[in-house]
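So the structure is just underneath, and the comments pick up after that.
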Amino acid sequence: MGMNASYTSFVAVGDSFTEGMSDLLPDGSYRGWADLLAARLAAREPGFRYANLAVRGKLIGQIAEDQAPAAAAMGADVVTLVGGLNDALRPKVDMGRVRGHLEAAVELLAPSCGRLVLMRSPGRHGPVMERFRPRMEELFEILEELAARHGALLVDLYGAPVLGDPRLWDADRLHLTAEGHRRVAEAVWQALGLPAEEDWTAALAPASAPGWGVRRTEDLRFAKRHLLPWIGRRLTGRSSGDGRPAKRPELLPYGTLPPL
């Protein structure tokens, strides 16, 4: 792919990461890296079309069953598939089933689009994530195998130290900030063979670490507002995306979509 690569349509498939949490807009909706990427692609190509089928909380089986067939039918130039991390973060998971669902989704999507993009998702540092890191890395090995087998692009966000910086993560410690999403959009943009606008892997400026008291206060606030409700949903089989539709379910001309 050269710097003159041209893309006329883009479909995003996945969970909260692709829906755009926690890149919050003034109207209460989420933007995120996929919307940012679509805006940049649309600026290059008149008549550009975009759909975002991602819904927060979805497991890879739901993505493979509900989103992948719809995305495949759209025949887009670019399709991004990011999923499986919600499975890996559950108390119990069958990674063999995760592999099977990923394989099914990739086998459906790869021949249906011009370019399929997979990702090794970013992972912040911290004790909660450390518990699940072996599963995450097993998931990423599966994605590497699938990308090689099907000729998909694999964007390595996990291998970028800057995306582990806590300052690029929201207070829930599960979703990137607006700056984090902006860097992911740049990473995918460059992977598609388009001219770099910045070094998305550049480290943030040094900053003094908060004191022990501040960290403990933040930990308690995080546990009350985010961790305990998240555990409750896992234990009861509920999801934050239950009953929620995709924000952009049709592949429509970009100009007909709400402004980003």
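Letters A, B, ... go to the chains of the structure tokens in the order shown; residues in each chain start at 1; ligands are counted from 1 in the same order.
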
Worksheet entry | Test item: residues at most 7 Å from stretch 83-92 of chain A, only C-alpha atoms, excluding those fewer than 3 positions along its chain, as a PyMOL selection string | chain A and resi 14-15+57+59-60+98+132+135-136+234

Take the selection from the previous step and output its residues with C-alpha atoms, as a short mmCIF file (atom, residue, chain, number, x, y, z; two decimals), in the first residue's frame.
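part_4.cif, written as the output of this step:
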data_model
loop_
_atom_site.label_atom_id
_atom_site.label_comp_id
_atom_site.auth_asym_id
_atom_site.auth_seq_id
_atom_site.Cartn_x
_atom_site.Cartn_y
_atom_site.Cartn_z
CA GLY A 14 -16.62 -4.56 17.67
CA ASP A 15 -17.41 -3.53 21.24
CA GLY A 57 -20.12 -4.97 26.19
CA LEU A 59 -18.67 -10.73 23.41
CA ILE A 60 -16.92 -12.11 20.36
CA VAL A 98 -13.12 -17.41 21.50
CA PHE A 132 -5.91 -11.06 32.88
CA ARG A 135 -5.46 -14.34 28.46
CA MET A 136 -5.02 -11.08 26.59
CA ARG A 234 -20.20 -10.22 35.03
#

Quick one: pick out all strand (DSSP E) residues within stretch 4-213 of chain A from a backbone DSSP run and write them as a compact mmCIF listing (two decimals) with N, CA and C atoms, in the first residue's frame.
# COMPACT_ATOMS: atom_id res chain seq x y z
N SER A 9 -15.13 3.49 1.47
CA SER A 9 -16.10 3.06 2.46
C SER A 9 -15.40 2.34 3.60
N PHE A 10 -16.01 2.41 4.79
CA PHE A 10 -15.40 1.88 6.01
C PHE A 10 -16.52 1.39 6.93
N VAL A 11 -16.36 0.15 7.41
CA VAL A 11 -17.30 -0.42 8.39
C VAL A 11 -16.51 -0.86 9.62
N ALA A 12 -16.93 -0.40 10.79
CA ALA A 12 -16.27 -0.75 12.04
C ALA A 12 -17.13 -1.76 12.80
N VAL A 13 -16.48 -2.82 13.28
CA VAL A 13 -17.16 -3.92 13.97
C VAL A 13 -16.48 -4.13 15.32
N GLY A 14 -17.27 -4.32 16.40
CA GLY A 14 -16.62 -4.56 17.67
C GLY A 14 -17.46 -4.23 18.88
N ARG A 49 -18.45 6.54 2.43
CA ARG A 49 -19.54 5.97 3.24
C ARG A 49 -18.96 5.29 4.48
N TYR A 50 -19.75 5.33 5.56
CA TYR A 50 -19.27 4.84 6.85
C TYR A 50 -20.41 4.21 7.64
N ALA A 51 -20.10 3.08 8.30
CA ALA A 51 -21.02 2.46 9.26
C ALA A 51 -20.21 2.03 10.47
N ASN A 52 -20.81 2.14 11.64
CA ASN A 52 -20.18 1.66 12.88
C ASN A 52 -21.19 0.77 13.59
N VAL A 78 -12.78 -0.98 3.59
CA VAL A 78 -12.08 -1.25 4.84
C VAL A 78 -13.08 -1.74 5.88
N VAL A 79 -12.73 -2.83 6.56
CA VAL A 79 -13.50 -3.30 7.71
C VAL A 79 -12.52 -3.49 8.86
N THR A 80 -12.84 -2.95 10.03
CA THR A 80 -12.04 -3.19 11.22
C THR A 80 -12.82 -4.11 12.15
N LEU A 81 -12.13 -5.09 12.70
CA LEU A 81 -12.73 -6.04 13.64
C LEU A 81 -11.89 -6.05 14.91
N VAL A 82 -12.48 -5.62 16.01
CA VAL A 82 -11.80 -5.65 17.30
C VAL A 82 -12.77 -6.30 18.29
N ARG A 115 -9.95 -4.50 2.50
CA ARG A 115 -8.88 -4.61 3.50
C ARG A 115 -9.48 -4.83 4.87
N LEU A 116 -9.13 -5.96 5.48
CA LEU A 116 -9.57 -6.25 6.84
C LEU A 116 -8.47 -5.85 7.81
N VAL A 117 -8.85 -5.14 8.87
CA VAL A 117 -7.90 -4.67 9.87
C VAL A 117 -8.25 -5.29 11.22
N LEU A 118 -7.28 -5.99 11.81
CA LEU A 118 -7.40 -6.53 13.16
C LEU A 118 -6.46 -5.75 14.08
N MET A 119 -6.65 -5.88 15.38
CA MET A 119 -5.81 -5.11 16.31
C MET A 119 -5.45 -5.92 17.55
N ARG A 120 -4.23 -5.73 17.99
CA ARG A 120 -3.83 -6.10 19.36
C ARG A 120 -4.18 -4.89 20.22
N LEU A 153 -4.47 -6.81 7.89
CA LEU A 153 -3.55 -5.94 8.61
C LEU A 153 -3.71 -6.18 10.10
N LEU A 154 -2.62 -6.14 10.84
CA LEU A 154 -2.67 -6.27 12.29
C LEU A 154 -2.00 -5.03 12.89
N VAL A 155 -2.78 -4.19 13.54
CA VAL A 155 -2.27 -2.97 14.16
C VAL A 155 -1.90 -3.30 15.61
N ASP A 156 -0.63 -3.12 15.96
CA ASP A 156 -0.14 -3.52 17.28
C ASP A 156 -0.21 -2.35 18.26

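When only C-alpha atoms are used to measure the gap to A:Phe140, the shortest distance among A:Ala105, A:Met95, A:Ala203, A:Leu41 belongs to A:Met95.
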
Worksheet item: Which residue gives the smallest distance to A:Ala148 among A:Val188, A:Leu194, A:Val106, A:Leu163, with only C-alpha atoms counted?
Response: A:Val106

Discussion item. Quick check, in Å to one decimal: how far apart do atom CA of A:Leu139 and atom CA of A:Ala196 lie?
Written reply: 28.3 Å

Worksheet item: When DSSP works through the backbone of this structure, what residues of stretch 116-185 of chain A end up as helix (DSSP H, G or I), shown as a PyMOL selection string?
Response: chain A and resi 127-150+161-164+166-168+178-185

Could you take the residues named above and write them with N, CA, C and O atoms, as a compact mmCIF listing (two decimals), in the first residue's frame?
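Heads up, here's the output in result27.txt:
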# COMPACT_ATOMS: atom_id res chain seq x y z
N PRO A 127 -2.93 -3.60 38.63
CA PRO A 127 -3.13 -4.94 39.18
C PRO A 127 -4.31 -5.69 38.58
O PRO A 127 -4.26 -6.91 38.42
N VAL A 128 -5.39 -4.98 38.25
CA VAL A 128 -6.55 -5.66 37.67
C VAL A 128 -6.20 -6.24 36.30
O VAL A 128 -6.49 -7.40 36.00
N MET A 129 -5.55 -5.44 35.48
CA MET A 129 -5.20 -5.90 34.15
C MET A 129 -4.13 -6.99 34.19
O MET A 129 -4.12 -7.89 33.35
N GLU A 130 -3.24 -6.93 35.17
CA GLU A 130 -2.19 -7.93 35.25
C GLU A 130 -2.77 -9.33 35.44
O GLU A 130 -2.23 -10.30 34.94
N ARG A 131 -3.86 -9.42 36.16
CA ARG A 131 -4.50 -10.72 36.38
C ARG A 131 -4.93 -11.37 35.07
O ARG A 131 -4.86 -12.59 34.91
N PHE A 132 -5.37 -10.54 34.13
CA PHE A 132 -5.91 -11.06 32.88
C PHE A 132 -4.91 -11.02 31.73
O PHE A 132 -5.24 -11.41 30.61
N ARG A 133 -3.70 -10.53 31.98
CA ARG A 133 -2.75 -10.34 30.88
C ARG A 133 -2.43 -11.62 30.12
O ARG A 133 -2.34 -11.60 28.89
N PRO A 134 -2.26 -12.79 30.79
CA PRO A 134 -2.00 -14.02 30.01
C PRO A 134 -3.10 -14.33 29.00
O PRO A 134 -2.82 -14.76 27.88
N ARG A 135 -4.35 -14.11 29.39
CA ARG A 135 -5.46 -14.34 28.46
C ARG A 135 -5.41 -13.34 27.30
O ARG A 135 -5.67 -13.69 26.15
N MET A 136 -5.11 -12.09 27.63
CA MET A 136 -5.02 -11.08 26.59
C MET A 136 -3.96 -11.47 25.57
O MET A 136 -4.19 -11.39 24.36
N GLU A 137 -2.83 -11.91 26.05
CA GLU A 137 -1.74 -12.25 25.13
C GLU A 137 -2.07 -13.51 24.34
O GLU A 137 -1.65 -13.64 23.17
N GLU A 138 -2.83 -14.43 24.93
CA GLU A 138 -3.30 -15.59 24.15
C GLU A 138 -4.24 -15.13 23.04
O GLU A 138 -4.17 -15.62 21.91
N LEU A 139 -5.12 -14.19 23.36
CA LEU A 139 -6.01 -13.62 22.35
C LEU A 139 -5.22 -12.98 21.23
O LEU A 139 -5.54 -13.16 20.03
N PHE A 140 -4.18 -12.25 21.58
CA PHE A 140 -3.40 -11.55 20.56
C PHE A 140 -2.63 -12.53 19.67
O PHE A 140 -2.42 -12.28 18.48
N GLU A 141 -2.21 -13.66 20.23
CA GLU A 141 -1.56 -14.69 19.41
C GLU A 141 -2.54 -15.25 18.38
O GLU A 141 -2.17 -15.52 17.23
N ILE A 142 -3.78 -15.45 18.80
CA ILE A 142 -4.81 -15.92 17.86
C ILE A 142 -4.99 -14.91 16.73
O ILE A 142 -5.06 -15.29 15.55
N LEU A 143 -5.05 -13.64 17.07
CA LEU A 143 -5.23 -12.60 16.06
C LEU A 143 -4.05 -12.54 15.10
O LEU A 143 -4.23 -12.34 13.89
N GLU A 144 -2.84 -12.72 15.61
CA GLU A 144 -1.67 -12.73 14.74
C GLU A 144 -1.76 -13.87 13.73
O GLU A 144 -1.46 -13.70 12.54
N GLU A 145 -2.17 -15.04 14.20
CA GLU A 145 -2.31 -16.20 13.31
C GLU A 145 -3.35 -15.93 12.23
O GLU A 145 -3.14 -16.23 11.05
N LEU A 146 -4.49 -15.37 12.64
CA LEU A 146 -5.56 -15.12 11.68
C LEU A 146 -5.16 -14.05 10.66
O LEU A 146 -5.49 -14.15 9.48
N ALA A 147 -4.49 -13.01 11.12
CA ALA A 147 -4.05 -11.97 10.20
C ALA A 147 -3.10 -12.53 9.15
O ALA A 147 -3.23 -12.24 7.95
N ALA A 148 -2.16 -13.36 9.59
CA ALA A 148 -1.20 -13.95 8.65
C ALA A 148 -1.91 -14.89 7.67
O ALA A 148 -1.60 -14.91 6.47
N ARG A 149 -2.88 -15.64 8.16
CA ARG A 149 -3.55 -16.64 7.33
C ARG A 149 -4.45 -15.99 6.28
O ARG A 149 -4.59 -16.51 5.16
N HIS A 150 -5.07 -14.87 6.63
CA HIS A 150 -6.07 -14.26 5.75
C HIS A 150 -5.61 -12.96 5.11
O HIS A 150 -6.41 -12.28 4.47
N PRO A 161 4.22 1.27 24.19
CA PRO A 161 4.24 1.60 25.62
C PRO A 161 3.39 2.80 26.00
O PRO A 161 2.79 2.84 27.08
N VAL A 162 3.29 3.80 25.12
CA VAL A 162 2.55 5.01 25.48
C VAL A 162 1.08 4.70 25.75
O VAL A 162 0.45 5.36 26.59
N LEU A 163 0.52 3.70 25.08
CA LEU A 163 -0.89 3.39 25.29
C LEU A 163 -1.13 2.63 26.59
O LEU A 163 -2.27 2.32 26.93
N GLY A 164 -0.07 2.32 27.33
CA GLY A 164 -0.21 1.80 28.67
C GLY A 164 -0.14 2.89 29.73
O GLY A 164 -0.36 2.62 30.92
N PRO A 166 -1.28 5.52 32.17
CA PRO A 166 -2.59 5.75 32.80
C PRO A 166 -3.24 7.06 32.39
O PRO A 166 -4.47 7.18 32.45
N ARG A 167 -2.44 8.03 31.95
CA ARG A 167 -3.02 9.31 31.57
C ARG A 167 -3.83 9.23 30.28
O ARG A 167 -4.58 10.17 29.96
N LEU A 168 -3.68 8.15 29.54
CA LEU A 168 -4.46 7.96 28.32
C LEU A 168 -5.70 7.10 28.54
O LEU A 168 -6.37 6.71 27.59
N ALA A 178 -9.97 10.75 25.07
CA ALA A 178 -10.02 11.31 23.73
C ALA A 178 -8.63 11.29 23.09
O ALA A 178 -8.49 10.97 21.89
N GLU A 179 -7.60 11.59 23.84
CA GLU A 179 -6.24 11.56 23.30
C GLU A 179 -5.84 10.15 22.92
O GLU A 179 -5.19 9.93 21.90
N GLY A 180 -6.21 9.18 23.72
CA GLY A 180 -5.92 7.79 23.38
C GLY A 180 -6.59 7.38 22.09
O GLY A 180 -5.98 6.74 21.22
N HIS A 181 -7.87 7.73 21.93
CA HIS A 181 -8.58 7.40 20.70
C HIS A 181 -7.96 8.10 19.49
O HIS A 181 -7.89 7.52 18.40
N ARG A 182 -7.52 9.31 19.68
CA ARG A 182 -6.89 10.04 18.57
C ARG A 182 -5.63 9.33 18.10
O ARG A 182 -5.37 9.22 16.90
N ARG A 183 -4.87 8.80 19.04
CA ARG A 183 -3.66 8.07 18.67
C ARG A 183 -3.99 6.75 17.97
O ARG A 183 -3.28 6.35 17.03
N VAL A 184 -5.04 6.09 18.39
CA VAL A 184 -5.44 4.85 17.72
C VAL A 184 -5.87 5.15 16.28
O VAL A 184 -5.51 4.41 15.35
N ALA A 185 -6.62 6.22 16.08
CA ALA A 185 -7.02 6.59 14.73
C ALA A 185 -5.80 6.83 13.85
O ALA A 185 -5.76 6.40 12.68

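The smallest atom-to-atom distance between A:Ala34 and any of A:Ala152, A:Leu109, A:Ala187, A:Ala205, using only C-alpha atoms, is found for A:Ala187.
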
Practice prompt. Kindly indicate which residue among A:Asp165, A:Glu186, A:Asp172, A:Glu65 lies nearest to A:Pro206, using only C-alpha atoms for the distances.
Written response: A:Asp165

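In terms of minimum interatomic distance to A:Arg31, A:Ala54 ranks closest within A:Glu107, A:Asp199, A:Ala54, A:Trp189, counting only C-alpha atoms.
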
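The smallest atom-to-atom distance between A:Pro249 and any of A:Leu192, A:Leu176, A:Cys113, A:Leu53, using only C-alpha atoms, is found for A:Leu53.
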
Discussion item. Which residues are close to A:Gly32, i.e. within 8 Å by only C-alpha atoms, leaving aside same-chain residues fewer than 6 positions away? Reply as a list in words.
Written reply: Phe17, Thr18, Glu19, Gly20, Met21, Ser22, Asp23, Ala178, His181 and Arg182 of chain A

Since we have the selection now, will you write its residues out, keeping all heavy atoms, as a PDB file, in the first residue's frame?
ATOM      1  N   PHE A  17     -14.700  -0.394  22.684  1.00  0.00           N
ATOM      2  CA  PHE A  17     -13.485   0.238  22.177  1.00  0.00           C
ATOM      3  C   PHE A  17     -13.751   0.896  20.827  1.00  0.00           C
ATOM      4  O   PHE A  17     -13.295   2.012  20.554  1.00  0.00           O
ATOM      5  CB  PHE A  17     -12.387  -0.823  22.059  1.00  0.00           C
ATOM      6  CG  PHE A  17     -11.114  -0.347  21.426  1.00  0.00           C
ATOM      7  CD1 PHE A  17     -10.320   0.589  22.052  1.00  0.00           C
ATOM      8  CD2 PHE A  17     -10.688  -0.859  20.200  1.00  0.00           C
ATOM      9  CE1 PHE A  17      -9.136   1.023  21.478  1.00  0.00           C
ATOM     10  CE2 PHE A  17      -9.508  -0.433  19.622  1.00  0.00           C
ATOM     11  CZ  PHE A  17      -8.731   0.504  20.263  1.00  0.00           C
ATOM     12  N   THR A  18     -14.506   0.214  19.964  1.00  0.00           N
ATOM     13  CA  THR A  18     -14.808   0.740  18.639  1.00  0.00           C
ATOM     14  C   THR A  18     -16.020   1.654  18.652  1.00  0.00           C
ATOM     15  O   THR A  18     -16.140   2.551  17.817  1.00  0.00           O
ATOM     16  CB  THR A  18     -15.006  -0.417  17.653  1.00  0.00           C
ATOM     17  OG1 THR A  18     -13.808  -1.215  17.622  1.00  0.00           O
ATOM     18  CG2 THR A  18     -15.290   0.065  16.251  1.00  0.00           C
ATOM     19  N   GLU A  19     -16.924   1.462  19.619  1.00  0.00           N
ATOM     20  CA  GLU A  19     -18.046   2.390  19.758  1.00  0.00           C
ATOM     21  C   GLU A  19     -17.529   3.778  20.131  1.00  0.00           C
ATOM     22  O   GLU A  19     -18.132   4.790  19.753  1.00  0.00           O
ATOM     23  CB  GLU A  19     -19.017   1.892  20.823  1.00  0.00           C
ATOM     24  CG  GLU A  19     -20.254   2.759  20.958  1.00  0.00           C
ATOM     25  CD  GLU A  19     -21.166   2.329  22.089  1.00  0.00           C
ATOM     26  OE1 GLU A  19     -21.045   1.189  22.570  1.00  0.00           O
ATOM     27  OE2 GLU A  19     -22.006   3.169  22.511  1.00  0.00           O
ATOM     28  N   GLY A  20     -16.430   3.829  20.874  1.00  0.00           N
ATOM     29  CA  GLY A  20     -15.824   5.125  21.174  1.00  0.00           C
ATOM     30  C   GLY A  20     -15.787   5.520  22.625  1.00  0.00           C
ATOM     31  O   GLY A  20     -15.384   6.634  22.962  1.00  0.00           O
ATOM     32  N   MET A  21     -16.183   4.661  23.538  1.00  0.00           N
ATOM     33  CA  MET A  21     -16.069   4.987  24.958  1.00  0.00           C
ATOM     34  C   MET A  21     -14.581   5.089  25.326  1.00  0.00           C
ATOM     35  O   MET A  21     -13.776   4.284  24.878  1.00  0.00           O
ATOM     36  CB  MET A  21     -16.744   3.901  25.793  1.00  0.00           C
ATOM     37  CG  MET A  21     -18.270   3.782  25.534  1.00  0.00           C
ATOM     38  SD  MET A  21     -19.012   2.377  26.379  1.00  0.00           S
ATOM     39  CE  MET A  21     -18.948   2.975  28.072  1.00  0.00           C
ATOM     40  N   SER A  22     -14.151   6.112  26.059  1.00  0.00           N
ATOM     41  CA  SER A  22     -14.868   7.168  26.735  1.00  0.00           C
ATOM     42  C   SER A  22     -14.560   8.539  26.112  1.00  0.00           C
ATOM     43  O   SER A  22     -14.342   9.512  26.815  1.00  0.00           O
ATOM     44  CB  SER A  22     -14.417   7.189  28.197  1.00  0.00           C
ATOM     45  OG  SER A  22     -14.866   6.086  28.933  1.00  0.00           O
ATOM     46  N   ASP A  23     -14.563   8.596  24.790  1.00  0.00           N
ATOM     47  CA  ASP A  23     -14.348   9.857  24.084  1.00  0.00           C
ATOM     48  C   ASP A  23     -15.689  10.575  24.002  1.00  0.00           C
ATOM     49  O   ASP A  23     -16.392  10.527  22.997  1.00  0.00           O
ATOM     50  CB  ASP A  23     -13.769   9.570  22.698  1.00  0.00           C
ATOM     51  CG  ASP A  23     -13.418  10.835  21.935  1.00  0.00           C
ATOM     52  OD1 ASP A  23     -13.499  11.927  22.519  1.00  0.00           O
ATOM     53  OD2 ASP A  23     -13.076  10.717  20.738  1.00  0.00           O
ATOM     54  N   ALA A 178      -9.973  10.745  25.073  1.00  0.00           N
ATOM     55  CA  ALA A 178     -10.016  11.314  23.728  1.00  0.00           C
ATOM     56  C   ALA A 178      -8.632  11.286  23.086  1.00  0.00           C
ATOM     57  O   ALA A 178      -8.494  10.971  21.894  1.00  0.00           O
ATOM     58  CB  ALA A 178     -10.552  12.742  23.780  1.00  0.00           C
ATOM     59  N   HIS A 181      -7.867   7.731  21.931  1.00  0.00           N
ATOM     60  CA  HIS A 181      -8.584   7.404  20.701  1.00  0.00           C
ATOM     61  C   HIS A 181      -7.956   8.096  19.494  1.00  0.00           C
ATOM     62  O   HIS A 181      -7.889   7.517  18.400  1.00  0.00           O
ATOM     63  CB  HIS A 181     -10.060   7.805  20.836  1.00  0.00           C
ATOM     64  CG  HIS A 181     -10.887   6.813  21.587  1.00  0.00           C
ATOM     65  ND1 HIS A 181     -11.313   5.627  21.035  1.00  0.00           N
ATOM     66  CD2 HIS A 181     -11.369   6.821  22.859  1.00  0.00           C
ATOM     67  CE1 HIS A 181     -12.038   4.951  21.916  1.00  0.00           C
ATOM     68  NE2 HIS A 181     -12.070   5.651  23.040  1.00  0.00           N
ATOM     69  N   ARG A 182      -7.517   9.314  19.676  1.00  0.00           N
ATOM     70  CA  ARG A 182      -6.889  10.042  18.572  1.00  0.00           C
ATOM     71  C   ARG A 182      -5.630   9.326  18.099  1.00  0.00           C
ATOM     72  O   ARG A 182      -5.369   9.223  16.898  1.00  0.00           O
ATOM     73  CB  ARG A 182      -6.570  11.469  19.017  1.00  0.00           C
ATOM     74  CG  ARG A 182      -6.164  12.407  17.897  1.00  0.00           C
ATOM     75  CD  ARG A 182      -5.833  13.779  18.446  1.00  0.00           C
ATOM     76  NE  ARG A 182      -4.656  13.735  19.304  1.00  0.00           N
ATOM     77  CZ  ARG A 182      -3.395  13.680  18.848  1.00  0.00           C
ATOM     78  NH1 ARG A 182      -3.165  13.653  17.539  1.00  0.00           N
ATOM     79  NH2 ARG A 182      -2.387  13.650  19.684  1.00  0.00           N
TER      80      ARG A 182
END

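Computed from the coordinates, the atom CA of A:Gly151 to atom CA of A:Val55 distance equals 25.9 Å.
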